[in-house]
>>> print(open('my_file.tsv').read())   # TSV, C-alpha atoms
chain	number	residue	atom	x	y	z
M	1	MET	CA	-3.50	-1.42	14.09
M	2	THR	CA	-5.02	-3.90	11.68
M	3	ASP	CA	-8.79	-4.37	11.81
M	4	THR	CA	-9.44	-8.07	12.36
M	5	SER	CA	-13.18	-7.75	12.87
M	6	VAL	CA	-13.89	-9.17	9.41
M	7	VAL	CA	-12.87	-12.81	9.12
M	8	LEU	CA	-13.60	-13.67	5.52
M	9	ALA	CA	-11.69	-15.21	2.66
M	10	PRO	CA	-11.81	-15.19	-1.14
M	11	ALA	CA	-14.47	-17.60	-2.39
M	12	ARG	CA	-12.38	-18.85	-5.32
M	13	ARG	CA	-8.80	-19.07	-6.44
M	14	VAL	CA	-7.05	-15.68	-6.63
M	15	ARG	CA	-5.63	-15.08	-10.11
M	16	ILE	CA	-5.32	-11.27	-10.19
M	17	LEU	CA	-4.13	-8.75	-7.62
M	18	SER	CA	-5.12	-5.15	-8.38
M	19	LEU	CA	-3.20	-2.48	-6.49
M	20	ASP	CA	-4.03	1.19	-6.20
M	21	ILE	CA	-0.85	3.28	-6.06
M	22	ASP	CA	-1.24	6.43	-3.97
M	23	GLY	CA	-2.02	5.75	-0.34
M	24	THR	CA	-1.86	2.01	-0.97
M	25	THR	CA	1.24	0.64	-2.68
M	26	ILE	CA	3.41	3.66	-1.97
M	27	ARG	CA	4.09	5.29	1.38
M	28	ASP	CA	3.41	8.95	2.04
M	29	ASP	CA	6.92	9.86	0.88
M	30	GLY	CA	6.29	8.23	-2.50
M	31	THR	CA	8.47	5.16	-1.92
M	32	VAL	CA	7.61	1.46	-2.02
M	33	SER	CA	8.91	-0.53	0.92
M	34	ASP	CA	11.06	-3.64	0.52
M	35	VAL	CA	8.39	-5.57	2.42
M	36	VAL	CA	5.76	-4.73	-0.22
M	37	VAL	CA	8.17	-5.47	-3.08
M	38	ASP	CA	8.93	-8.89	-1.60
M	39	ALA	CA	5.24	-9.70	-1.08
M	40	VAL	CA	4.39	-8.74	-4.67
M	41	ALA	CA	7.25	-10.91	-5.95
M	42	ARG	CA	5.93	-13.89	-4.00
M	43	ALA	CA	2.43	-13.32	-5.35
M	44	ARG	CA	3.76	-13.31	-8.91
M	45	ALA	CA	5.83	-16.42	-8.20
M	46	ALA	CA	2.59	-18.10	-7.10
M	47	GLY	CA	1.08	-17.38	-10.51
M	48	VAL	CA	-0.94	-14.28	-9.62
M	49	PHE	CA	-1.16	-11.48	-12.20
M	50	VAL	CA	-0.38	-8.17	-10.46
M	51	VAL	CA	-1.68	-4.97	-12.05
M	52	PRO	CA	-1.46	-1.35	-10.87
M	53	CYS	CA	-4.90	0.28	-11.02
M	54	THR	CA	-4.60	4.01	-10.47
M	55	GLY	CA	-6.14	7.39	-11.04
M	56	ARG	CA	-2.80	8.65	-12.33
M	57	PRO	CA	-2.00	8.91	-16.02
M	58	PHE	CA	0.83	6.59	-16.99
M	59	GLN	CA	3.20	9.53	-17.46
M	60	VAL	CA	3.00	10.52	-13.79
M	61	GLY	CA	5.23	7.97	-12.13
M	62	VAL	CA	3.32	4.77	-12.94
M	63	GLY	CA	6.22	3.24	-14.86
M	64	PRO	CA	8.77	3.68	-12.05
M	65	VAL	CA	6.36	2.23	-9.46
M	66	ALA	CA	5.69	-0.77	-11.70
M	67	GLN	CA	9.43	-1.22	-12.25
M	68	ARG	CA	10.07	-1.09	-8.50
M	69	LEU	CA	7.45	-3.83	-8.08
M	70	GLY	CA	9.11	-5.94	-10.77
M	71	LEU	CA	6.08	-5.84	-13.06
M	72	GLY	CA	7.80	-5.85	-16.42
M	73	PRO	CA	6.87	-8.47	-19.04
M	74	ARG	CA	7.94	-12.01	-18.19
M	75	HIS	CA	8.52	-12.84	-21.86
M	76	ASP	CA	7.95	-11.49	-25.36
M	77	GLY	CA	4.27	-10.95	-26.00
M	78	ASP	CA	3.31	-10.98	-22.30
M	79	THR	CA	-0.05	-9.18	-22.42
M	80	SER	CA	-0.48	-9.30	-18.64
M	81	ALA	CA	2.18	-6.61	-18.12
M	82	GLN	CA	-0.20	-3.66	-18.02
M	83	ALA	CA	-1.30	-0.77	-15.86
M	84	ILE	CA	-4.88	0.44	-15.62
M	85	VAL	CA	-4.79	4.23	-15.45
M	86	ARG	CA	-7.09	7.27	-15.31
M	87	ASN	CA	-9.44	5.50	-12.89
M	88	GLY	CA	-10.19	2.72	-15.36
M	89	ALA	CA	-10.48	4.88	-18.48
M	90	ALA	CA	-7.41	3.41	-20.17
M	91	ALA	CA	-4.83	0.63	-20.06
M	92	VAL	CA	-1.18	0.86	-21.06
M	93	ASP	CA	1.54	-1.66	-21.70
M	94	LEU	CA	4.45	-1.90	-19.29
M	95	PRO	CA	7.08	-0.60	-19.63
M	96	SER	CA	6.49	1.15	-22.99
M	97	GLY	CA	3.44	3.14	-21.92
M	98	ARG	CA	1.67	2.38	-25.19
M	99	VAL	CA	-2.07	2.96	-24.81
M	100	ARG	CA	-3.88	-0.34	-25.37
M	101	TRP	CA	-7.39	1.13	-25.18
M	102	GLU	CA	-9.14	4.23	-23.86
M	103	GLU	CA	-12.70	5.31	-23.11
M	104	VAL	CA	-13.31	8.99	-23.81
M	105	MET	CA	-16.43	11.03	-23.22
M	106	SER	CA	-18.77	11.75	-26.10
M	107	GLY	CA	-17.39	14.79	-27.90
M	108	ALA	CA	-20.90	16.18	-28.16
M	109	HIS	CA	-21.11	16.49	-24.39
M	110	GLY	CA	-17.71	17.86	-23.39
M	111	PRO	CA	-17.95	21.56	-24.35
M	112	ALA	CA	-21.54	21.78	-23.09
M	113	ILE	CA	-20.47	20.32	-19.75
M	114	VAL	CA	-17.75	22.97	-19.46
M	115	ASP	CA	-20.33	25.66	-20.21
M	116	ALA	CA	-22.70	24.30	-17.55
M	117	ILE	CA	-19.92	24.24	-14.94
M	118	GLU	CA	-18.92	27.81	-15.69
M	119	ALA	CA	-22.55	28.97	-15.61
M	120	VAL	CA	-22.88	28.14	-11.89
M	121	GLY	CA	-19.53	29.68	-10.98
M	122	ALA	CA	-17.59	26.47	-10.48
M	123	THR	CA	-14.07	26.04	-11.85
M	124	PRO	CA	-13.85	23.49	-14.70
M	125	VAL	CA	-10.92	21.10	-14.96
M	126	VAL	CA	-10.54	19.05	-18.16
M	127	GLU	CA	-8.25	16.02	-18.49
M	128	GLU	CA	-7.06	15.28	-21.99
M	129	ALA	CA	-7.40	11.81	-23.51
M	130	PRO	CA	-4.64	9.34	-22.53
M	131	SER	CA	-3.35	9.00	-26.09
M	132	ASP	CA	-3.00	12.80	-26.28
M	133	GLY	CA	-0.87	13.19	-23.15
M	134	ALA	CA	-1.04	13.76	-19.41
M	135	ARG	CA	-2.24	17.34	-19.13
M	136	MET	CA	-5.17	18.84	-17.25
M	137	PHE	CA	-6.57	22.26	-18.11
M	138	THR	CA	-8.34	24.86	-15.98
M	139	TRP	CA	-8.82	28.62	-15.64
M	140	ASP	CA	-6.04	31.11	-14.98
M	141	ASP	CA	-4.85	31.15	-11.37
M	142	HIS	CA	-6.54	34.42	-10.49
M	143	LEU	CA	-9.90	33.00	-11.62
M	144	ALA	CA	-9.70	29.35	-10.55
M	145	HIS	CA	-11.02	28.19	-7.18
M	146	PRO	CA	-8.23	26.74	-4.98
M	147	ALA	CA	-10.00	23.37	-5.19
M	148	ALA	CA	-8.70	22.96	-8.76
M	149	LYS	CA	-5.08	22.87	-7.61
M	150	HIS	CA	-6.01	21.05	-4.41
M	151	TYR	CA	-7.31	18.10	-6.39
M	152	ALA	CA	-4.55	18.31	-8.98
M	153	HIS	CA	-2.08	17.98	-6.12
M	154	ALA	CA	-4.04	15.14	-4.53
M	155	TRP	CA	-3.97	13.27	-7.84
M	156	MET	CA	-0.22	13.86	-8.31
M	157	ARG	CA	-0.98	16.22	-11.20
M	158	ILE	CA	0.11	19.62	-9.88
M	159	ASP	CA	2.86	19.88	-12.53
M	160	ASP	CA	0.49	18.91	-15.33
M	161	ILE	CA	-2.40	21.33	-14.76
M	162	GLU	CA	-2.29	24.26	-17.19
M	163	PRO	CA	-4.30	27.50	-17.09
M	164	VAL	CA	-5.98	28.20	-20.44
M	165	PRO	CA	-8.74	30.48	-21.77
M	166	HIS	CA	-12.37	29.40	-21.97
M	167	GLU	CA	-12.26	28.35	-25.63
M	168	ALA	CA	-9.19	26.19	-25.07
M	169	LEU	CA	-11.04	24.41	-22.25
M	170	ARG	CA	-13.95	23.74	-24.57
M	171	ARG	CA	-11.64	22.36	-27.29
M	172	ALA	CA	-9.92	20.05	-24.81
M	173	ALA	CA	-13.32	18.76	-23.73
M	174	PHE	CA	-13.92	17.20	-27.16
M	175	ARG	CA	-11.47	14.40	-26.21
M	176	THR	CA	-11.45	13.80	-22.49
M	177	THR	CA	-11.81	10.98	-19.99
M	178	TRP	CA	-12.81	13.26	-17.11
M	179	ILE	CA	-14.12	16.74	-16.41
M	180	GLY	CA	-14.28	18.23	-12.91
M	181	ALA	CA	-16.28	21.07	-11.40
M	182	CYS	CA	-14.30	22.51	-8.48
M	183	GLY	CA	-15.36	24.91	-5.73
M	184	ASP	CA	-16.92	25.02	-2.30
M	185	TYR	CA	-19.76	22.77	-1.12
M	186	ALA	CA	-22.65	24.96	-2.28
M	187	THR	CA	-21.15	25.76	-5.68
M	188	THR	CA	-20.32	22.15	-6.48
M	189	GLN	CA	-23.77	21.07	-5.32
M	190	ALA	CA	-25.19	23.56	-7.84
M	191	ALA	CA	-22.85	22.12	-10.47
M	192	PHE	CA	-24.02	18.60	-9.67
M	193	ASP	CA	-27.63	19.67	-10.19
M	194	ALA	CA	-26.80	21.54	-13.40
M	195	LEU	CA	-25.00	18.51	-14.81
M	196	ALA	CA	-27.76	16.03	-13.95
M	197	PRO	CA	-29.35	16.20	-17.46
M	198	PHE	CA	-26.09	14.89	-18.96
M	199	ALA	CA	-26.46	11.75	-16.83
M	200	ARG	CA	-29.62	10.80	-18.73
M	201	GLY	CA	-30.36	9.79	-22.29
M	202	ARG	CA	-27.99	9.02	-25.14
M	203	ASP	CA	-24.27	8.97	-24.32
M	204	ALA	CA	-25.08	9.50	-20.64
M	205	VAL	CA	-22.21	10.44	-18.36
M	206	GLU	CA	-21.72	9.41	-14.74
M	207	LEU	CA	-21.46	11.98	-11.95
M	208	PHE	CA	-19.92	11.74	-8.51
M	209	TRP	CA	-19.74	14.51	-5.89
M	210	SER	CA	-17.32	14.84	-3.02
M	211	GLY	CA	-20.16	16.23	-0.91
M	212	THR	CA	-21.38	12.67	-0.40
M	213	TRP	CA	-18.29	11.83	1.65
M	214	LEU	CA	-16.75	15.18	2.69
M	215	SER	CA	-18.37	17.56	5.16
M	216	ALA	CA	-20.11	20.71	3.94
M	217	ASP	CA	-17.52	22.89	5.67
M	218	ALA	CA	-14.59	21.25	3.82
M	219	PRO	CA	-13.07	24.06	1.72
M	220	ASN	CA	-12.46	22.09	-1.45
M	221	HIS	CA	-15.08	20.06	-3.27
M	222	VAL	CA	-15.40	18.56	-6.73
M	223	VAL	CA	-18.01	17.06	-9.02
M	224	GLY	CA	-16.45	14.49	-11.32
M	225	VAL	CA	-17.89	13.74	-14.76
M	226	ARG	CA	-16.80	10.59	-16.57
M	227	PRO	CA	-18.14	8.29	-19.28
M	228	SER	CA	-20.91	6.16	-17.87
M	229	HIS	CA	-19.73	3.03	-16.04
M	230	VAL	CA	-16.05	3.89	-16.51
M	231	HIS	CA	-14.24	3.40	-13.22
M	232	LYS	CA	-11.50	1.16	-11.87
M	233	ALA	CA	-13.74	-1.92	-11.86
M	234	PHE	CA	-14.51	-1.33	-15.55
M	235	GLY	CA	-10.82	-1.21	-16.47
M	236	LEU	CA	-10.00	-4.18	-14.27
M	237	ALA	CA	-12.80	-6.22	-15.85
M	238	ARG	CA	-11.34	-5.55	-19.31
M	239	TYR	CA	-7.92	-6.60	-18.07
M	240	ALA	CA	-9.30	-9.80	-16.55
M	241	ALA	CA	-11.27	-10.67	-19.70
M	242	GLU	CA	-8.12	-10.32	-21.80
M	243	LEU	CA	-6.58	-13.03	-19.61
M	244	GLY	CA	-9.68	-15.22	-19.80
M	245	LEU	CA	-10.58	-14.38	-16.21
M	246	ALA	CA	-13.26	-12.39	-14.36
M	247	LEU	CA	-13.55	-9.84	-11.56
M	248	GLU	CA	-14.46	-12.70	-9.21
M	249	ASP	CA	-10.89	-13.96	-9.65
M	250	CYS	CA	-9.45	-10.70	-8.31
M	251	VAL	CA	-8.32	-9.33	-4.99
M	252	ALA	CA	-8.14	-5.51	-5.06
M	253	VAL	CA	-6.58	-3.16	-2.52
M	254	GLY	CA	-7.29	0.58	-2.26
M	255	ASP	CA	-7.66	3.53	0.07
M	256	GLU	CA	-9.78	6.27	-1.56
M	257	MET	CA	-13.30	6.73	-2.86
M	258	ASN	CA	-12.16	6.28	-6.47
M	259	ASP	CA	-11.54	2.66	-5.42
M	260	VAL	CA	-15.09	2.03	-4.23
M	261	GLU	CA	-16.45	0.29	-7.35
M	262	MET	CA	-13.32	-1.84	-7.63
M	263	LEU	CA	-13.46	-3.02	-4.03
M	264	ARG	CA	-17.17	-3.66	-4.27
M	265	GLU	CA	-17.16	-5.60	-7.55
M	266	VAL	CA	-14.07	-7.81	-7.32
M	267	GLY	CA	-14.06	-11.21	-5.68
M	268	PHE	CA	-12.44	-9.78	-2.56
M	269	GLY	CA	-11.92	-6.07	-1.85
M	270	VAL	CA	-9.48	-4.86	0.80
M	271	ALA	CA	-9.35	-1.34	2.26
M	272	MET	CA	-6.23	0.24	3.72
M	273	GLY	CA	-6.21	1.11	7.39
M	274	GLN	CA	-6.31	4.88	6.80
M	275	ALA	CA	-9.19	4.66	4.30
M	276	GLN	CA	-12.37	6.63	4.82
M	277	PRO	CA	-15.22	4.82	6.62
M	278	ALA	CA	-17.32	4.88	3.44
M	279	LEU	CA	-14.69	2.80	1.63
M	280	LYS	CA	-14.16	0.42	4.52
M	281	ALA	CA	-17.90	-0.19	4.51
M	282	VAL	CA	-17.78	-1.80	1.04
M	283	ALA	CA	-14.54	-3.74	1.62
M	284	ARG	CA	-14.47	-7.36	2.72
M	285	ALA	CA	-11.48	-6.70	4.99
M	286	VAL	CA	-9.30	-3.89	6.32
M	287	VAL	CA	-5.52	-4.11	6.66
M	288	ALA	CA	-2.79	-1.85	8.02
M	289	SER	CA	-2.09	1.59	6.55
M	290	ASN	CA	0.23	2.32	3.65
M	291	GLN	CA	2.82	3.48	6.18
M	292	ASP	CA	2.69	0.05	7.83
M	293	ASP	CA	2.85	-2.18	4.72
M	294	GLY	CA	-0.86	-2.92	4.48
M	295	VAL	CA	-0.44	-4.23	0.93
M	296	ALA	CA	2.00	-6.87	2.16
M	297	GLU	CA	-0.49	-7.85	4.84
M	298	ALA	CA	-3.26	-8.15	2.26
M	299	ILE	CA	-1.07	-10.40	0.12
M	300	GLU	CA	-0.13	-12.59	3.08
M	301	ARG	CA	-3.71	-12.98	4.32
M	302	PHE	CA	-5.88	-12.93	1.21
M	303	VAL	CA	-3.72	-13.75	-1.83
M	304	LEU	CA	-0.96	-16.27	-1.14
M	305	PRO	CA	-3.15	-18.79	0.75
M	306	TYR	CA	-5.63	-18.82	-2.16
M	307	ALA	CA	-3.36	-18.55	-5.20
>>> encode(input="my_file.tsv", output="structure tokens")
Amino acid sequence: MTDTSVVLAPARRVRILSLDIDGTTIRDDGTVSDVVVDAVARARAAGVFVVPCTGRPFQVGVGPVAQRLGLGPRHDGDTSAQAIVRNGAAAVDLPSGRVRWEEVMSGAHGPAIVDAIEAVGATPVVEEAPSDGARMFTWDDHLAHPAAKHYAHAWMRIDDIEPVPHEALRRAAFRTTWIGACGDYATTQAAFDALAPFARGRDAVELFWSGTWLSADAPNHVVGVRPSHVHKAFGLARYAAELGLALEDCVAVGDEMNDVEMLREVGFGVAMGQAQPALKAVARAVVASNQDDGVAEAIERFVLPYA
């Protein structure tokens, strides 16, 4: 059931609608309902720019989802037809998939971060730069903690994660948008502490740890390492600026903790009904789940009346 306890509205005209994909725009079976497709079409007809904003790389199903939503260019040279991918670390043109820009980690940090992760017994996962492809790299299966594949599966990347030797991991870390330290609660907490020095000083990175929202007895945990201030709100702000707009002109809809900055920093953030309490706490409103067309509800309540 929809949460109607928050009765708020966007404070200014809505010009951009940012949609997370997994758990938001698509249902659990990977499909997009006709109801959501129709609502997105009406938002676009009202002059709203609609942009997918996802943790996926473009190569992992972003194009087909955008096509299903009717998000191709309206005309030659339409710069609004983009997707923000890799949790805000890159933007690509629709439907070509050409990388418009990317934010990679300082090459000086990457291999040292891998070494620090391995030193505490956590399993490193390295994501290659968007312009290099869609692969993720980790240890061989008999060495890697199950959390590595758990999160690869959660991020729709299970077919893209490749086991490689230590030196190959270090080489990949020279050009990466994200490095993960996977393991149990205690091991990833140790990794978080070991990586803290990289979050200070020149070319500082940003750390986030699943232990802040998952229980200690959860079997799979991760510490994420990304370039400082690179998250979905960062990518969305670049998209808005290219259109002469700002985050305050945006409504954003999401369901997971990688959406937290986006929902907090846009003009109006909306959490899906099945979202974790920590995400709902930063949202301005909560709608139905992805199984019950929550995106369509968000468009009806918070986009169309203010477009």
>>> closest_residue(input="my_file.tsv", among="M:His150, M:Arg175, M:Arg56, M:His145", to="Gly107 of chain M", atoms="all atoms listed in the file")
M:Arg175
>>> atom_distance(input="my_file.tsv", atom1="atom CA of Ala216 of chain M", atom2="atom CA of Gly55 of chain M")
24.4 Å
>>> closest_residue(input="my_file.tsv", among="M:Asp293, M:Glu261, M:Asp140, M:Asp115", to="Ala181 of chain M", atoms="only C-alpha atoms")
M:Asp115
>>> residues_around(input="my_file.tsv", residues="segment 193-207 of chain M", least_positions_apart="6", cutoff="6 Å", atoms="all atoms listed in the file", output="tab-separated table (two decimals) with C-alpha atoms, in the coordinates of the input")
chain	number	residue	atom	x	y	z
M	224	GLY	CA	-16.45	14.49	-11.32
M	225	VAL	CA	-17.89	13.74	-14.76
M	226	ARG	CA	-16.80	10.59	-16.57
M	227	PRO	CA	-18.14	8.29	-19.28
M	228	SER	CA	-20.91	6.16	-17.87
>>> atom_distance(input="my_file.tsv", atom1="atom CA of Ala168 of chain M", atom2="atom CA of Ala119 of chain M")
16.6 Å
>>> residues_near_point(input="my_file.tsv", point="(-10.2, 2.0, -13.4)", cutoff="9 Å", atoms="all atoms listed in the file", output="ChimeraX atom specification")
/M:53-55,84-91,230-237,258-259,261-262
>>> atom_distance(input="my_file.tsv", atom1="atom CA of Tyr306 of chain M", atom2="atom CA of Leu19 of chain M")
17.1 Å
>>> closest_residue(input="my_file.tsv", among="M:Trp101, M:Trp213, M:Tyr239, M:Trp139", to="Leu279 of chain M", atoms="all atoms listed in the file")
M:Trp213
>>> closest_residue(input="my_file.tsv", among="M:Ser215, M:Asn220, M:Ser106, M:Ser96", to="Trp178 of chain M", atoms="all atoms listed in the file")
M:Ser106
>>> closest_atom_pairs(input="my_file.tsv", of="segment 90-115 of chain M", to="segment 45-51 of chain M", cutoff="12 Å", atoms="all atoms listed in the file", output="tab-separated table")
residue	atom	partner	partner_atom	distance
M:Ala91	CA	M:Val51	CA	10.3
M:Val92	CA	M:Val51	CA	10.7
M:Asp93	CA	M:Val51	CA	10.7
M:Leu94	CA	M:Val51	CA	10.0
>>> residues_around(input="my_file.tsv", residues="Ala218 of chain M", least_positions_apart="6", cutoff="10 Å", atoms="only C-alpha atoms", output="list in words")
Asp184, Tyr185, Ser210 and Gly211 of chain M
>>> residues_near_point(input="my_file.tsv", point="(2.3, -1.5, 1.8)", cutoff="12 Å", atoms="all atoms listed in the file", output="count of residues only")
43
>>> closest_residue(input="my_file.tsv", among="M:Arg264, M:Arg44, M:Ile113, M:Thr177", to="Arg74 of chain M", atoms="only C-alpha atoms")
M:Arg44
>>> closest_residue(input="my_file.tsv", among="M:Asp160, M:Leu243, M:Pro124, M:Gly63", to="Asp78 of chain M", atoms="all atoms listed in the file")
M:Leu243
>>> build_atoms(input="my_file.tsv", residues="segment 189-219 of chain M", atoms="N, CA and C atoms", output="short mmCIF file (atom, residue, chain, number, x, y, z; two decimals), in the frame of the given file")
data_model
loop_
_atom_site.label_atom_id
_atom_site.label_comp_id
_atom_site.auth_asym_id
_atom_site.auth_seq_id
_atom_site.Cartn_x
_atom_site.Cartn_y
_atom_site.Cartn_z
N GLN M 189 -22.43 21.65 -5.35
CA GLN M 189 -23.77 21.07 -5.32
C GLN M 189 -24.61 21.64 -6.47
N ALA M 190 -24.49 22.94 -6.71
CA ALA M 190 -25.19 23.56 -7.84
C ALA M 190 -24.70 22.98 -9.17
N ALA M 191 -23.40 22.72 -9.25
CA ALA M 191 -22.85 22.12 -10.47
C ALA M 191 -23.40 20.71 -10.67
N PHE M 192 -23.47 19.95 -9.58
CA PHE M 192 -24.02 18.60 -9.67
C PHE M 192 -25.44 18.63 -10.22
N ASP M 193 -26.25 19.55 -9.71
CA ASP M 193 -27.63 19.67 -10.19
C ASP M 193 -27.68 20.11 -11.65
N ALA M 194 -26.81 21.05 -12.03
CA ALA M 194 -26.80 21.54 -13.40
C ALA M 194 -26.35 20.48 -14.39
N LEU M 195 -25.53 19.55 -13.93
CA LEU M 195 -25.00 18.51 -14.81
C LEU M 195 -25.89 17.27 -14.87
N ALA M 196 -26.89 17.21 -14.01
CA ALA M 196 -27.76 16.03 -13.95
C ALA M 196 -28.36 15.66 -15.31
N PRO M 197 -28.78 16.60 -16.16
CA PRO M 197 -29.35 16.20 -17.46
C PRO M 197 -28.37 15.41 -18.34
N PHE M 198 -27.06 15.63 -18.16
CA PHE M 198 -26.09 14.89 -18.96
C PHE M 198 -25.97 13.43 -18.52
N ALA M 199 -26.51 13.12 -17.35
CA ALA M 199 -26.46 11.75 -16.83
C ALA M 199 -27.67 10.93 -17.29
N ARG M 200 -28.45 11.50 -18.19
CA ARG M 200 -29.62 10.80 -18.73
C ARG M 200 -29.56 10.80 -20.25
N GLY M 201 -30.22 9.82 -20.84
CA GLY M 201 -30.36 9.79 -22.29
C GLY M 201 -29.15 9.24 -23.01
N ARG M 202 -29.04 9.56 -24.28
CA ARG M 202 -27.99 9.02 -25.14
C ARG M 202 -26.62 9.52 -24.69
N ASP M 203 -25.64 8.64 -24.72
CA ASP M 203 -24.27 8.97 -24.32
C ASP M 203 -24.22 9.55 -22.91
N ALA M 204 -25.02 8.99 -22.01
CA ALA M 204 -25.08 9.50 -20.64
C ALA M 204 -23.71 9.43 -19.98
N VAL M 205 -23.42 10.44 -19.15
CA VAL M 205 -22.21 10.44 -18.36
C VAL M 205 -22.56 10.00 -16.94
N GLU M 206 -21.53 9.78 -16.14
CA GLU M 206 -21.72 9.41 -14.74
C GLU M 206 -21.15 10.53 -13.88
N LEU M 207 -21.87 10.91 -12.84
CA LEU M 207 -21.46 11.98 -11.95
C LEU M 207 -21.14 11.43 -10.56
N PHE M 208 -20.14 12.01 -9.92
CA PHE M 208 -19.92 11.74 -8.51
C PHE M 208 -19.53 13.06 -7.85
N TRP M 209 -19.93 13.24 -6.60
CA TRP M 209 -19.74 14.51 -5.89
C TRP M 209 -19.09 14.27 -4.55
N SER M 210 -18.04 15.01 -4.28
CA SER M 210 -17.32 14.84 -3.02
C SER M 210 -18.18 15.17 -1.81
N GLY M 211 -19.27 15.91 -2.02
CA GLY M 211 -20.16 16.23 -0.91
C GLY M 211 -20.83 15.03 -0.29
N THR M 212 -20.78 13.88 -0.97
CA THR M 212 -21.38 12.67 -0.40
C THR M 212 -20.45 12.00 0.61
N TRP M 213 -19.17 12.42 0.65
CA TRP M 213 -18.29 11.83 1.65
C TRP M 213 -17.46 12.87 2.42
N LEU M 214 -17.42 14.12 1.94
CA LEU M 214 -16.75 15.18 2.69
C LEU M 214 -17.79 16.08 3.35
N SER M 215 -17.44 16.69 4.46
CA SER M 215 -18.37 17.56 5.16
C SER M 215 -18.62 18.84 4.38
N ALA M 216 -19.75 19.48 4.65
CA ALA M 216 -20.11 20.71 3.94
C ALA M 216 -19.13 21.84 4.22
N ASP M 217 -18.45 21.81 5.37
CA ASP M 217 -17.52 22.89 5.67
C ASP M 217 -16.10 22.62 5.16
N ALA M 218 -15.88 21.49 4.48
CA ALA M 218 -14.59 21.25 3.82
C ALA M 218 -14.41 22.32 2.75
N PRO M 219 -13.23 22.92 2.63
CA PRO M 219 -13.07 24.06 1.72
C PRO M 219 -13.03 23.70 0.25
#
